[in-house]
Amino acid sequence: MRGVKIIGTGSALPSRTVTNDDMAQMVDTSDEWISTRTGIRSRRWCAEGESQHTLARDAARRALAAAGIAPDEVGVCLVATFTASAATPSTACLLQRDLGLPEDTLCFDLNAACAGFVFALHTAASLLAAEGPAALRPYALVVGAEELSRVMDMTDRTTCVLFGDGAGAAVLRADAAWPALTATWGSRGNDEALFAPGVGARDDAGALRPSYLTMDGRAVFRFATDVLPRATAEVLERAGVAAADVDRFIFHQANKRIVDVAVRKLGVPAERCQGNIDHTGNTSAASVPLLLDELVRTGALGPGARVVLAGFGAGLTWAACVTELAAPLGGAAEAQDSYGESD
Ligand code: COA
């Protein structure tokens with residue numbers, strides 16, 4: 001069995017910034033309503049030439065550069081997403097080509113919506129732990145990438161103000177001397193609370209489903225404020241780690257009010273749970289790795305830090321894990337420049 005740590009992170013945000021005032025030009029809303037109900041002030045949407053695939057590629061390149069490893073050292077490449085640029089080939093397969101990963105790299109996409117990145121991290125860590133070095137090279141590239149602007153109804157003010165596009169990535173390194181990544185997870189089938197279409201999706205009676213994302217906001221809020229603190233407390237207990245020994249809680253950025261409730265229920269300091277939803281909106285599977293990379297880039301987290309990552313969302317799904325960061329976690333010049341541009 002081999003344990004894992006995160007040794008590199010990267011992210012990519014699309015070039016188009018959409019402020020709350022811009023949203024008020026599109027639907028009957030206001031900066032005041034959006035910012036007080038959600039904490040969001042602006043989000044990024046893909047412009048021409050940008051897509052879920054290009055964001056995933058850019059974030060992955062930056063994470064590999066920050067980890068200081070070559071593509072031919074990667075054994076696993078997973079992409080968490082529910083808005084892949086194509087149903088097939090998977091974005092993970094396209095990354096094999098884009099990055100020049102060896103053909104025997106285990107590449108696949110995984111859909112657990114906004115909990116997807118934590119599901120993927122746990123899957124990659126389990127694969128690295130289960131397979132010895134002879135079968136699997138000891139590095140995994142794990143990406144969360146979404147283009148939610150493609151599946152939103154831009155006339156529905158109850159959903160279109162909430163979501164953004166983006167990608168984040170992390171490189172895991174396996175080492176027999178390191179602790180295992182500890183995780184907890186859950187799934188509860190429900191296509192009423194949060195639904196996003198596949199191509200020509202039909203309901204059980206055969207009727208075509210709407211071609212855009214639909215949501216029962218209040219039901220999702222209740223679900224999220226229950227599972228986020230519960231999964232976090234559960235994973236800390238499973239790992240035998242006290243909340244006080246966690247440097248940062250990196251929670252899925254769906255609504256600042258959901259995080260505020262979790263902070264209250266867990267009794268942890270709010271400054272160790274601070275998010276970035278104000279300038280990203282909800283980027284689903286990308287939100288946890290985007291925030292992780294932002295914290296690494298700005299120096300808030302570095303080698304030796306212990307983090308809890310937690311996500312929840314459509315499915316319904318939820319997951320939390322405890323893991324640590326280790327050197328190199330370098331900042332490639334390209335990554336830092338690009339991060340500066342993004343803000
Ligand atoms: N601008 C202005 N008014 C809006 C609005 C908008 N963008 N969206 C909804 N409203 C209105 C509603 O129509 C409603 O009006 P009414 O009282 O006249 O009927 C009023 O605001 C309150 O709506 P409500 O749905 O009760 O607001 P809320 O406080 O629950 O906030 C969400 C709505 C969506 C922000 C909140 O429920 C939420 O965050 N839910 C979780 C969503 C989520 O995280 N989804 C992704 C999970 S991964």
# chains A, B, ... in the order shown; residues from 1 in each chain; ligands from 1
call {"tool": "residues_around", "arguments": {"residues": "segment 44-57 of chain A", "least_positions_apart": "6", "cutoff": "8 Å", "atoms": "only C-alpha atoms", "output": "CSV table (one decimal) with all heavy atoms, in the first residue's frame"}}
result
chain,number,residue,atom,x,y,z
A,11,SER,N,-4.6,25.8,-12.3
A,11,SER,CA,-6.0,26.1,-12.6
A,11,SER,C,-6.1,27.0,-13.9
A,11,SER,O,-5.1,27.5,-14.4
A,11,SER,CB,-6.7,26.9,-11.4
A,11,SER,OG,-6.0,28.1,-11.2
A,12,ALA,N,-7.3,27.1,-14.4
A,12,ALA,CA,-7.5,27.9,-15.6
A,12,ALA,C,-9.0,28.5,-15.5
A,12,ALA,O,-9.9,27.7,-15.3
A,12,ALA,CB,-7.3,27.1,-16.9
A,13,LEU,N,-9.1,29.8,-15.7
A,13,LEU,CA,-10.4,30.4,-15.8
A,13,LEU,C,-10.5,31.0,-17.2
A,13,LEU,O,-9.5,31.5,-17.7
A,13,LEU,CB,-10.5,31.6,-14.7
A,13,LEU,CG,-10.6,31.1,-13.3
A,13,LEU,CD1,-10.4,32.3,-12.3
A,13,LEU,CD2,-12.0,30.4,-13.1
A,14,PRO,N,-11.7,31.0,-17.8
A,14,PRO,CA,-11.9,31.6,-19.1
A,14,PRO,C,-11.7,33.1,-19.1
A,14,PRO,O,-11.8,33.7,-18.0
A,14,PRO,CB,-13.3,31.1,-19.5
A,14,PRO,CG,-14.0,30.8,-18.3
A,14,PRO,CD,-12.9,30.4,-17.2
A,15,SER,N,-11.6,33.7,-20.3
A,15,SER,CA,-11.2,35.1,-20.3
A,15,SER,C,-12.4,36.1,-20.1
A,15,SER,O,-12.2,37.2,-19.7
A,15,SER,CB,-10.6,35.4,-21.7
A,15,SER,OG,-11.6,35.0,-22.7
A,16,ARG,N,-13.7,35.6,-20.3
A,16,ARG,CA,-14.8,36.5,-20.2
A,16,ARG,C,-15.3,36.7,-18.8
A,16,ARG,O,-15.8,35.7,-18.2
A,16,ARG,CB,-15.9,36.0,-21.1
A,16,ARG,CG,-17.1,36.9,-21.1
A,16,ARG,CD,-18.2,36.4,-22.1
A,16,ARG,NE,-19.4,37.1,-21.9
A,16,ARG,CZ,-20.6,36.7,-22.1
A,16,ARG,NH1,-20.8,35.4,-22.6
A,16,ARG,NH2,-21.7,37.4,-22.0
A,17,THR,N,-15.2,37.9,-18.2
A,17,THR,CA,-15.7,38.1,-16.9
A,17,THR,C,-17.2,38.7,-17.0
A,17,THR,O,-17.4,39.6,-17.8
A,17,THR,CB,-14.9,39.2,-16.1
A,17,THR,OG1,-13.6,38.6,-16.0
A,17,THR,CG2,-15.4,39.5,-14.7
A,18,VAL,N,-18.1,38.1,-16.2
A,18,VAL,CA,-19.5,38.5,-16.2
A,18,VAL,C,-19.9,39.0,-14.8
A,18,VAL,O,-19.9,38.2,-13.9
A,18,VAL,CB,-20.4,37.4,-16.7
A,18,VAL,CG1,-21.9,37.8,-16.8
A,18,VAL,CG2,-20.0,36.8,-18.1
A,83,THR,N,-19.9,18.4,-17.9
A,83,THR,CA,-20.1,19.2,-19.1
A,83,THR,C,-18.9,19.0,-20.0
A,83,THR,O,-18.3,20.0,-20.5
A,83,THR,CB,-20.2,20.7,-18.7
A,83,THR,OG1,-19.0,21.0,-17.9
A,83,THR,CG2,-21.4,21.0,-17.9
A,84,ALA,N,-18.4,17.8,-20.2
A,84,ALA,CA,-17.3,17.5,-21.1
A,84,ALA,C,-17.6,18.0,-22.5
A,84,ALA,O,-18.8,18.0,-22.9
A,84,ALA,CB,-17.0,16.0,-21.2
A,85,SER,N,-16.6,18.5,-23.2
A,85,SER,CA,-16.8,19.1,-24.5
A,85,SER,C,-17.4,18.0,-25.5
A,85,SER,O,-18.1,18.4,-26.4
A,85,SER,CB,-15.5,19.6,-25.1
A,85,SER,OG,-15.1,20.7,-24.3
A,91,THR,N,-12.6,13.7,-21.9
A,91,THR,CA,-11.6,14.8,-21.8
A,91,THR,C,-10.3,14.2,-21.3
A,91,THR,O,-9.2,14.6,-21.8
A,91,THR,CB,-12.1,15.9,-20.8
A,91,THR,OG1,-13.3,16.4,-21.3
A,91,THR,CG2,-11.1,17.0,-20.7
A,94,LEU,N,-8.4,13.0,-24.2
A,94,LEU,CA,-7.8,14.1,-25.0
A,94,LEU,C,-6.6,14.7,-24.3
A,94,LEU,O,-5.7,15.1,-25.0
A,94,LEU,CB,-8.9,15.2,-25.2
A,94,LEU,CG,-10.1,14.8,-26.1
A,94,LEU,CD1,-11.1,15.9,-26.2
A,94,LEU,CD2,-9.7,14.3,-27.4
A,95,LEU,N,-6.6,14.6,-23.0
A,95,LEU,CA,-5.4,15.1,-22.2
A,95,LEU,C,-4.2,14.2,-22.5
A,95,LEU,O,-3.1,14.6,-22.5
A,95,LEU,CB,-5.7,15.2,-20.7
A,95,LEU,CG,-6.7,16.3,-20.3
A,95,LEU,CD1,-6.7,16.3,-18.8
A,95,LEU,CD2,-6.3,17.6,-20.9
A,98,ASP,N,-3.0,15.7,-25.7
A,98,ASP,CA,-2.5,17.1,-25.5
A,98,ASP,C,-1.2,17.1,-24.7
A,98,ASP,O,-0.3,17.9,-25.0
A,98,ASP,CB,-3.5,17.9,-24.7
A,98,ASP,CG,-4.9,18.0,-25.4
A,98,ASP,OD1,-5.0,17.8,-26.6
A,98,ASP,OD2,-5.9,18.3,-24.7
A,99,LEU,N,-1.1,16.3,-23.7
A,99,LEU,CA,0.0,16.4,-22.8
A,99,LEU,C,1.1,15.4,-23.1
A,99,LEU,O,2.2,15.5,-22.5
A,99,LEU,CB,-0.4,16.2,-21.3
A,99,LEU,CG,-1.6,17.0,-20.8
A,99,LEU,CD1,-2.0,16.6,-19.4
A,99,LEU,CD2,-1.1,18.5,-20.7
A,143,VAL,N,-8.2,16.2,-12.5
A,143,VAL,CA,-8.6,17.5,-13.0
A,143,VAL,C,-10.1,17.6,-12.7
A,143,VAL,O,-10.9,16.6,-12.8
A,143,VAL,CB,-8.4,17.6,-14.5
A,143,VAL,CG1,-8.8,19.0,-15.0
A,143,VAL,CG2,-6.9,17.3,-14.8
A,144,GLY,N,-10.6,18.8,-12.3
A,144,GLY,CA,-12.0,19.1,-12.3
A,144,GLY,C,-12.2,20.2,-13.3
A,144,GLY,O,-11.6,21.2,-13.2
A,145,ALA,N,-13.1,20.0,-14.3
A,145,ALA,CA,-13.3,21.0,-15.4
A,145,ALA,C,-14.7,21.1,-15.8
A,145,ALA,O,-15.4,20.1,-16.0
A,145,ALA,CB,-12.4,20.7,-16.6
A,146,GLU,N,-15.2,22.3,-15.9
A,146,GLU,CA,-16.7,22.5,-16.3
A,146,GLU,C,-16.9,23.7,-17.2
A,146,GLU,O,-16.2,24.7,-17.1
A,146,GLU,CB,-17.5,22.7,-15.1
A,146,GLU,CG,-17.5,21.6,-14.0
A,146,GLU,CD,-18.3,20.3,-14.3
A,146,GLU,OE1,-18.7,20.2,-15.5
A,146,GLU,OE2,-18.5,19.5,-13.4
A,147,GLU,N,-17.9,23.5,-18.1
A,147,GLU,CA,-18.3,24.7,-18.9
A,147,GLU,C,-19.9,24.7,-18.7
A,147,GLU,O,-20.7,24.4,-19.5
A,147,GLU,CB,-18.0,24.4,-20.4
A,147,GLU,CG,-18.3,25.6,-21.3
A,147,GLU,CD,-17.9,25.3,-22.7
A,147,GLU,OE1,-17.3,24.2,-23.0
A,147,GLU,OE2,-18.3,26.1,-23.6
A,149,SER,N,-21.8,27.3,-18.5
A,149,SER,CA,-22.5,28.3,-19.3
A,149,SER,C,-23.2,27.6,-20.5
A,149,SER,O,-24.1,28.2,-21.0
A,149,SER,CB,-21.5,29.4,-19.7
A,149,SER,OG,-20.5,28.9,-20.5
A,164,GLY,N,-20.5,29.3,-13.0
A,164,GLY,CA,-19.4,29.8,-13.9
A,164,GLY,C,-18.6,28.6,-14.5
A,164,GLY,O,-18.9,27.5,-14.2
A,165,ASP,N,-17.7,29.0,-15.4
A,165,ASP,CA,-16.8,28.0,-16.0
A,165,ASP,C,-15.4,28.0,-15.4
A,165,ASP,O,-15.0,29.1,-14.9
A,165,ASP,CB,-16.7,28.3,-17.5
A,165,ASP,CG,-18.0,28.3,-18.2
A,165,ASP,OD1,-19.0,27.7,-17.7
A,165,ASP,OD2,-18.1,29.0,-19.3
A,166,GLY,N,-14.7,26.9,-15.5
A,166,GLY,CA,-13.3,26.9,-15.0
A,166,GLY,C,-12.8,25.5,-14.9
A,166,GLY,O,-13.5,24.5,-15.1
A,167,ALA,N,-11.5,25.4,-14.5
A,167,ALA,CA,-10.9,24.1,-14.3
A,167,ALA,C,-9.8,24.2,-13.3
A,167,ALA,O,-9.1,25.3,-13.2
A,167,ALA,CB,-10.3,23.6,-15.6
A,168,GLY,N,-9.6,23.2,-12.5
A,168,GLY,CA,-8.5,23.1,-11.5
A,168,GLY,C,-7.9,21.7,-11.6
A,168,GLY,O,-8.6,20.7,-12.0
A,169,ALA,N,-6.6,21.6,-11.2
A,169,ALA,CA,-6.0,20.2,-11.3
A,169,ALA,C,-5.0,20.1,-10.2
A,169,ALA,O,-4.5,21.0,-9.6
A,169,ALA,CB,-5.2,20.1,-12.6
A,279,HIS,N,-15.5,35.6,-7.1
A,279,HIS,CA,-15.1,35.9,-8.4
A,279,HIS,C,-15.1,34.6,-9.3
A,279,HIS,O,-14.6,34.7,-10.5
A,279,HIS,CB,-13.7,36.5,-8.5
A,279,HIS,CG,-12.6,35.7,-7.8
A,279,HIS,ND1,-12.3,35.8,-6.5
A,279,HIS,CD2,-11.7,34.8,-8.3
A,279,HIS,CE1,-11.3,34.9,-6.2
A,279,HIS,NE2,-10.9,34.3,-7.3
A,280,THR,N,-15.7,33.5,-8.8
A,280,THR,CA,-15.8,32.3,-9.7
A,280,THR,C,-17.2,31.9,-9.9
A,280,THR,O,-17.5,31.2,-10.9
A,280,THR,CB,-15.0,31.1,-9.1
A,280,THR,OG1,-15.7,30.8,-7.8
A,280,THR,CG2,-13.6,31.4,-8.9
A,281,GLY,N,-18.1,32.2,-9.0
A,281,GLY,CA,-19.5,31.5,-9.1
A,281,GLY,C,-19.3,30.1,-8.7
A,281,GLY,O,-18.2,29.6,-8.3
call {"tool": "residues_near_ligand", "arguments": {"ligand": "ligand 1", "cutoff": "7 Å", "atoms": "only C-alpha atoms and all ligand atoms", "output": "ChimeraX atom specification"}}
result
/A:28-30,33-34,37-38,114,157-159,161,217-218,220-221,254-255,284,312-314
call {"tool": "write_last_selection", "arguments": {"atoms": "N, CA and C atoms", "output": "short mmCIF file (atom, residue, chain, number, x, y, z; two decimals), in the first residue's frame"}}
result
data_model
loop_
_atom_site.label_atom_id
_atom_site.label_comp_id
_atom_site.auth_asym_id
_atom_site.auth_seq_id
_atom_site.Cartn_x
_atom_site.Cartn_y
_atom_site.Cartn_z
N ASP A 28 -34.10 39.66 -14.71
CA ASP A 28 -34.59 40.58 -13.67
C ASP A 28 -33.91 40.25 -12.34
N THR A 29 -32.72 40.82 -12.13
CA THR A 29 -31.98 40.56 -10.91
C THR A 29 -31.16 41.81 -10.57
N SER A 30 -30.36 41.73 -9.50
CA SER A 30 -29.54 42.88 -9.13
C SER A 30 -28.27 42.40 -8.44
N TRP A 33 -29.13 41.54 -4.80
CA TRP A 33 -29.77 40.23 -4.55
C TRP A 33 -28.73 39.12 -4.65
N ILE A 34 -27.95 39.13 -5.74
CA ILE A 34 -27.02 38.00 -5.96
C ILE A 34 -25.94 37.98 -4.88
N ARG A 37 -27.44 36.99 -1.35
CA ARG A 37 -27.96 35.63 -1.24
C ARG A 37 -26.91 34.56 -1.50
N THR A 38 -25.82 34.91 -2.21
CA THR A 38 -24.87 33.85 -2.62
C THR A 38 -23.40 34.17 -2.33
N CYS A 114 -20.78 18.17 -8.53
CA CYS A 114 -19.93 19.08 -7.74
C CYS A 114 -19.07 18.33 -6.71
N ARG A 157 -33.58 33.36 -14.02
CA ARG A 157 -32.76 34.08 -13.03
C ARG A 157 -32.42 33.24 -11.79
N THR A 158 -33.21 32.18 -11.57
CA THR A 158 -32.97 31.38 -10.37
C THR A 158 -31.75 30.44 -10.53
N THR A 159 -31.27 30.26 -11.77
CA THR A 159 -30.07 29.41 -11.95
C THR A 159 -28.92 30.14 -12.65
N VAL A 161 -27.59 32.99 -12.67
CA VAL A 161 -26.69 33.90 -11.94
C VAL A 161 -25.67 33.14 -11.09
N GLY A 217 -33.81 25.22 -5.75
CA GLY A 217 -32.76 25.86 -4.94
C GLY A 217 -32.90 25.60 -3.45
N ARG A 218 -34.13 25.70 -2.95
CA ARG A 218 -34.32 25.53 -1.50
C ARG A 218 -34.02 24.10 -1.06
N VAL A 220 -31.98 22.01 -2.52
CA VAL A 220 -30.53 21.80 -2.59
C VAL A 220 -29.84 22.48 -1.40
N PHE A 221 -30.34 23.64 -1.03
CA PHE A 221 -29.76 24.36 0.12
C PHE A 221 -29.88 23.51 1.39
N ALA A 254 -20.59 26.73 -3.69
CA ALA A 254 -21.92 26.81 -4.32
C ALA A 254 -22.65 28.05 -3.86
N ASN A 255 -22.45 28.40 -2.60
CA ASN A 255 -23.12 29.56 -2.03
C ASN A 255 -22.39 29.86 -0.71
N SER A 284 -18.91 23.90 -10.13
CA SER A 284 -19.14 22.45 -9.96
C SER A 284 -17.83 21.70 -9.69
N PHE A 312 -20.32 18.60 -2.77
CA PHE A 312 -21.69 18.07 -2.71
C PHE A 312 -22.41 18.61 -3.93
N GLY A 313 -23.40 17.86 -4.41
CA GLY A 313 -24.14 18.40 -5.55
C GLY A 313 -25.07 17.40 -6.19
N ALA A 314 -25.25 17.58 -7.52
CA ALA A 314 -26.25 16.80 -8.24
C ALA A 314 -25.94 15.32 -8.13
#
call {"tool": "residues_around", "arguments": {"residues": "Gly275 of chain A", "least_positions_apart": "5", "cutoff": "12 Å", "atoms": "only C-alpha atoms", "output": "MDAnalysis selection string"}}
result
chainID A and resid 38:40 248:260 263 270 280:282 287:295 309
call {"tool": "residues_around", "arguments": {"residues": "segment 119-128 of chain A", "least_positions_apart": "4", "cutoff": "9 Å", "atoms": "only C-alpha atoms", "output": "PyMOL selection string"}}
result
chain A and resi 1-5+75-80+109-112+115+132-133+136-144+170+172-174+180-183+185+311+318-321
call {"tool": "write_last_selection", "arguments": {"atoms": "C-alpha atoms", "output": "JSON list (two decimals), in the first residue's frame"}}
result
[["chain", "number", "residue", "atom", "x", "y", "z"],
["A", 1, "MET", "CA", 0.00, 0.00, 0.00],
["A", 2, "ARG", "CA", 1.22, 3.44, -0.86],
["A", 3, "GLY", "CA", 0.03, 6.71, 0.66],
["A", 4, "VAL", "CA", -0.31, 9.94, -1.34],
["A", 5, "LYS", "CA", 0.21, 13.68, -1.11],
["A", 75, "GLY", "CA", 0.22, 6.69, -14.39],
["A", 76, "VAL", "CA", -3.39, 7.87, -13.92],
["A", 77, "CYS", "CA", -5.30, 10.79, -15.49],
["A", 78, "LEU", "CA", -8.85, 11.42, -14.27],
["A", 79, "VAL", "CA", -11.17, 14.28, -15.20],
["A", 80, "ALA", "CA", -14.23, 15.02, -13.05],
["A", 109, "ASP", "CA", -13.76, 10.91, -17.01],
["A", 110, "LEU", "CA", -15.88, 10.62, -13.90],
["A", 111, "ASN", "CA", -19.24, 12.29, -13.19],
["A", 112, "ALA", "CA", -20.20, 12.99, -9.59],
["A", 115, "ALA", "CA", -18.51, 16.26, -5.58],
["A", 132, "GLY", "CA", 2.50, -1.41, -7.09],
["A", 133, "PRO", "CA", 5.13, 0.65, -8.92],
["A", 136, "LEU", "CA", 1.41, 1.91, -12.28],
["A", 137, "ARG", "CA", 3.74, 4.91, -12.38],
["A", 138, "PRO", "CA", 3.45, 6.73, -9.03],
["A", 139, "TYR", "CA", 1.87, 10.03, -10.16],
["A", 140, "ALA", "CA", -1.80, 10.80, -10.82],
["A", 141, "LEU", "CA", -3.14, 13.87, -12.58],
["A", 142, "VAL", "CA", -6.64, 14.72, -11.28],
["A", 143, "VAL", "CA", -8.64, 17.48, -12.97],
["A", 144, "GLY", "CA", -12.05, 19.08, -12.32],
["A", 170, "ALA", "CA", -3.77, 18.49, -8.81],
["A", 172, "LEU", "CA", -0.80, 13.22, -6.54],
["A", 173, "ARG", "CA", 2.42, 11.41, -5.76],
["A", 174, "ALA", "CA", 2.35, 7.94, -4.17],
["A", 180, "ALA", "CA", -3.28, 7.18, 2.93],
["A", 181, "LEU", "CA", -5.83, 9.74, 1.75],
["A", 182, "THR", "CA", -8.87, 9.24, 3.97],
["A", 183, "ALA", "CA", -12.29, 9.82, 2.41],
["A", 185, "TRP", "CA", -18.73, 9.72, 0.39],
["A", 311, "GLY", "CA", -17.95, 18.67, -2.29],
["A", 318, "TRP", "CA", -21.24, 14.23, -1.56],
["A", 319, "ALA", "CA", -17.66, 13.44, -0.54],
["A", 320, "ALA", "CA", -14.92, 14.70, 1.76],
["A", 321, "CYS", "CA", -11.28, 13.75, 2.17]]
call {"tool": "select_by_dssp", "arguments": {"residues": "segment 68-286 of chain A", "states": "strand (DSSP E)", "output": "PyMOL selection string"}}
result
chain A and resi 74-80+106-110+139-147+165-175+182-190+194-195+214-215+248-251
call {"tool": "write_last_selection", "arguments": {"atoms": "C-alpha atoms", "output": "PDB file, in the first residue's frame"}}
result
ATOM      1  CA  VAL A  74       1.995  10.024 -14.994  1.00  0.00           C
ATOM      2  CA  GLY A  75       0.218   6.693 -14.385  1.00  0.00           C
ATOM      3  CA  VAL A  76      -3.389   7.874 -13.924  1.00  0.00           C
ATOM      4  CA  CYS A  77      -5.304  10.793 -15.486  1.00  0.00           C
ATOM      5  CA  LEU A  78      -8.853  11.418 -14.271  1.00  0.00           C
ATOM      6  CA  VAL A  79     -11.173  14.283 -15.198  1.00  0.00           C
ATOM      7  CA  ALA A  80     -14.231  15.023 -13.050  1.00  0.00           C
ATOM      8  CA  LEU A 106      -5.219   5.009 -17.059  1.00  0.00           C
ATOM      9  CA  CYS A 107      -7.414   7.830 -18.475  1.00  0.00           C
ATOM     10  CA  PHE A 108     -11.125   8.300 -17.883  1.00  0.00           C
ATOM     11  CA  ASP A 109     -13.756  10.911 -17.014  1.00  0.00           C
ATOM     12  CA  LEU A 110     -15.884  10.616 -13.899  1.00  0.00           C
ATOM     13  CA  TYR A 139       1.869  10.026 -10.165  1.00  0.00           C
ATOM     14  CA  ALA A 140      -1.802  10.800 -10.817  1.00  0.00           C
ATOM     15  CA  LEU A 141      -3.139  13.874 -12.581  1.00  0.00           C
ATOM     16  CA  VAL A 142      -6.637  14.721 -11.284  1.00  0.00           C
ATOM     17  CA  VAL A 143      -8.643  17.479 -12.967  1.00  0.00           C
ATOM     18  CA  GLY A 144     -12.045  19.079 -12.317  1.00  0.00           C
ATOM     19  CA  ALA A 145     -13.266  21.021 -15.365  1.00  0.00           C
ATOM     20  CA  GLU A 146     -16.651  22.476 -16.294  1.00  0.00           C
ATOM     21  CA  GLU A 147     -18.335  24.661 -18.885  1.00  0.00           C
ATOM     22  CA  ASP A 165     -16.818  27.963 -16.022  1.00  0.00           C
ATOM     23  CA  GLY A 166     -13.315  26.911 -14.981  1.00  0.00           C
ATOM     24  CA  ALA A 167     -10.860  24.099 -14.316  1.00  0.00           C
ATOM     25  CA  GLY A 168      -8.503  23.078 -11.527  1.00  0.00           C
ATOM     26  CA  ALA A 169      -5.989  20.246 -11.317  1.00  0.00           C
ATOM     27  CA  ALA A 170      -3.770  18.491  -8.806  1.00  0.00           C
ATOM     28  CA  VAL A 171      -0.898  16.028  -9.099  1.00  0.00           C
ATOM     29  CA  LEU A 172      -0.799  13.216  -6.536  1.00  0.00           C
ATOM     30  CA  ARG A 173       2.416  11.406  -5.756  1.00  0.00           C
ATOM     31  CA  ALA A 174       2.352   7.941  -4.174  1.00  0.00           C
ATOM     32  CA  ASP A 175       4.929   6.993  -1.564  1.00  0.00           C
ATOM     33  CA  THR A 182      -8.870   9.244   3.972  1.00  0.00           C
ATOM     34  CA  ALA A 183     -12.292   9.819   2.412  1.00  0.00           C
ATOM     35  CA  THR A 184     -15.991   9.558   3.049  1.00  0.00           C
ATOM     36  CA  TRP A 185     -18.728   9.722   0.390  1.00  0.00           C
ATOM     37  CA  GLY A 186     -22.410   9.307  -0.384  1.00  0.00           C
ATOM     38  CA  SER A 187     -24.935   9.036  -3.246  1.00  0.00           C
ATOM     39  CA  ARG A 188     -28.718   9.524  -3.150  1.00  0.00           C
ATOM     40  CA  GLY A 189     -30.521   9.202  -6.492  1.00  0.00           C
ATOM     41  CA  ASN A 190     -32.671  12.292  -7.115  1.00  0.00           C
ATOM     42  CA  LEU A 194     -30.794  19.297  -9.605  1.00  0.00           C
ATOM     43  CA  PHE A 195     -30.881  18.107 -13.212  1.00  0.00           C
ATOM     44  CA  THR A 214     -32.992  22.958 -13.649  1.00  0.00           C
ATOM     45  CA  MET A 215     -32.863  23.196  -9.863  1.00  0.00           C
ATOM     46  CA  ARG A 248      -7.618  24.720   5.580  1.00  0.00           C
ATOM     47  CA  PHE A 249     -11.110  23.450   4.823  1.00  0.00           C
ATOM     48  CA  ILE A 250     -11.619  23.687   1.067  1.00  0.00           C
ATOM     49  CA  PHE A 251     -15.377  23.473   0.592  1.00  0.00           C
TER      50      PHE A 251
END
call {"tool": "select_by_dssp", "arguments": {"residues": "segment 116-210 of chain A", "states": "helix (DSSP H, G or I)", "output": "PyMOL selection string"}}
result
chain A and resi 116-130+148-151+157-160
call {"tool": "write_last_selection", "arguments": {"atoms": "N, CA and C atoms", "output": "tab-separated table (two decimals), in the first residue's frame"}}
result
chain	number	residue	atom	x	y	z
A	116	GLY	N	-17.45	15.75	-7.72
A	116	GLY	CA	-16.64	14.95	-8.65
A	116	GLY	C	-15.15	14.98	-8.37
A	117	PHE	N	-14.60	16.16	-8.03
A	117	PHE	CA	-13.16	16.23	-7.85
A	117	PHE	C	-12.73	15.38	-6.66
A	118	VAL	N	-13.51	15.40	-5.59
A	118	VAL	CA	-13.14	14.61	-4.40
A	118	VAL	C	-13.30	13.12	-4.71
A	119	PHE	N	-14.37	12.75	-5.45
A	119	PHE	CA	-14.51	11.35	-5.90
A	119	PHE	C	-13.27	10.94	-6.71
A	120	ALA	N	-12.85	11.82	-7.62
A	120	ALA	CA	-11.73	11.49	-8.52
A	120	ALA	C	-10.41	11.38	-7.76
A	121	LEU	N	-10.22	12.28	-6.80
A	121	LEU	CA	-9.00	12.24	-5.99
A	121	LEU	C	-8.93	10.92	-5.22
A	122	HIS	N	-10.07	10.54	-4.65
A	122	HIS	CA	-10.11	9.29	-3.88
A	122	HIS	C	-9.90	8.09	-4.79
A	123	THR	N	-10.49	8.12	-5.98
A	123	THR	CA	-10.31	7.02	-6.94
A	123	THR	C	-8.85	6.90	-7.36
A	124	ALA	N	-8.24	8.05	-7.68
A	124	ALA	CA	-6.83	8.04	-8.12
A	124	ALA	C	-5.93	7.54	-6.98
A	125	ALA	N	-6.19	8.03	-5.76
A	125	ALA	CA	-5.36	7.62	-4.61
A	125	ALA	C	-5.50	6.11	-4.38
A	126	SER	N	-6.74	5.59	-4.55
A	126	SER	CA	-6.98	4.16	-4.34
A	126	SER	C	-6.24	3.33	-5.39
A	127	LEU	N	-6.26	3.80	-6.64
A	127	LEU	CA	-5.56	3.08	-7.70
A	127	LEU	C	-4.06	3.07	-7.44
A	128	LEU	N	-3.51	4.23	-7.07
A	128	LEU	CA	-2.07	4.30	-6.79
A	128	LEU	C	-1.70	3.41	-5.61
A	129	ALA	N	-2.59	3.36	-4.61
A	129	ALA	CA	-2.30	2.56	-3.42
A	129	ALA	C	-2.39	1.07	-3.72
A	130	ALA	N	-3.36	0.70	-4.58
A	130	ALA	CA	-3.60	-0.72	-4.83
A	130	ALA	C	-2.58	-1.33	-5.78
A	148	LEU	N	-20.23	25.25	-17.50
A	148	LEU	CA	-21.65	25.26	-17.14
A	148	LEU	C	-22.45	26.25	-17.96
A	149	SER	N	-21.77	27.28	-18.50
A	149	SER	CA	-22.50	28.29	-19.28
A	149	SER	C	-23.18	27.64	-20.49
A	150	ARG	N	-22.70	26.44	-20.90
A	150	ARG	CA	-23.28	25.74	-22.04
A	150	ARG	C	-24.61	25.07	-21.72
A	151	VAL	N	-24.87	24.81	-20.43
A	151	VAL	CA	-26.09	24.05	-20.08
A	151	VAL	C	-27.08	24.89	-19.26
A	157	ARG	N	-33.58	33.36	-14.02
A	157	ARG	CA	-32.76	34.08	-13.03
A	157	ARG	C	-32.42	33.24	-11.79
A	158	THR	N	-33.21	32.18	-11.57
A	158	THR	CA	-32.97	31.38	-10.37
A	158	THR	C	-31.75	30.44	-10.53
A	159	THR	N	-31.27	30.26	-11.77
A	159	THR	CA	-30.07	29.41	-11.95
A	159	THR	C	-28.92	30.14	-12.65
A	160	CYS	N	-29.22	30.98	-13.66
A	160	CYS	CA	-28.11	31.46	-14.51
A	160	CYS	C	-27.15	32.39	-13.78
call {"tool": "residues_around", "arguments": {"residues": "Gly304 of chain A", "least_positions_apart": "5", "cutoff": "8 Å", "atoms": "only C-alpha atoms", "output": "list in words"}}
result
Glu324, Leu325, Ala326 and Ala327 of chain A
call {"tool": "atom_distance", "arguments": {"atom1": "atom CA of Ala310 of chain A", "atom2": "atom CA of Ala60 of chain A"}}
result
20.6 Å
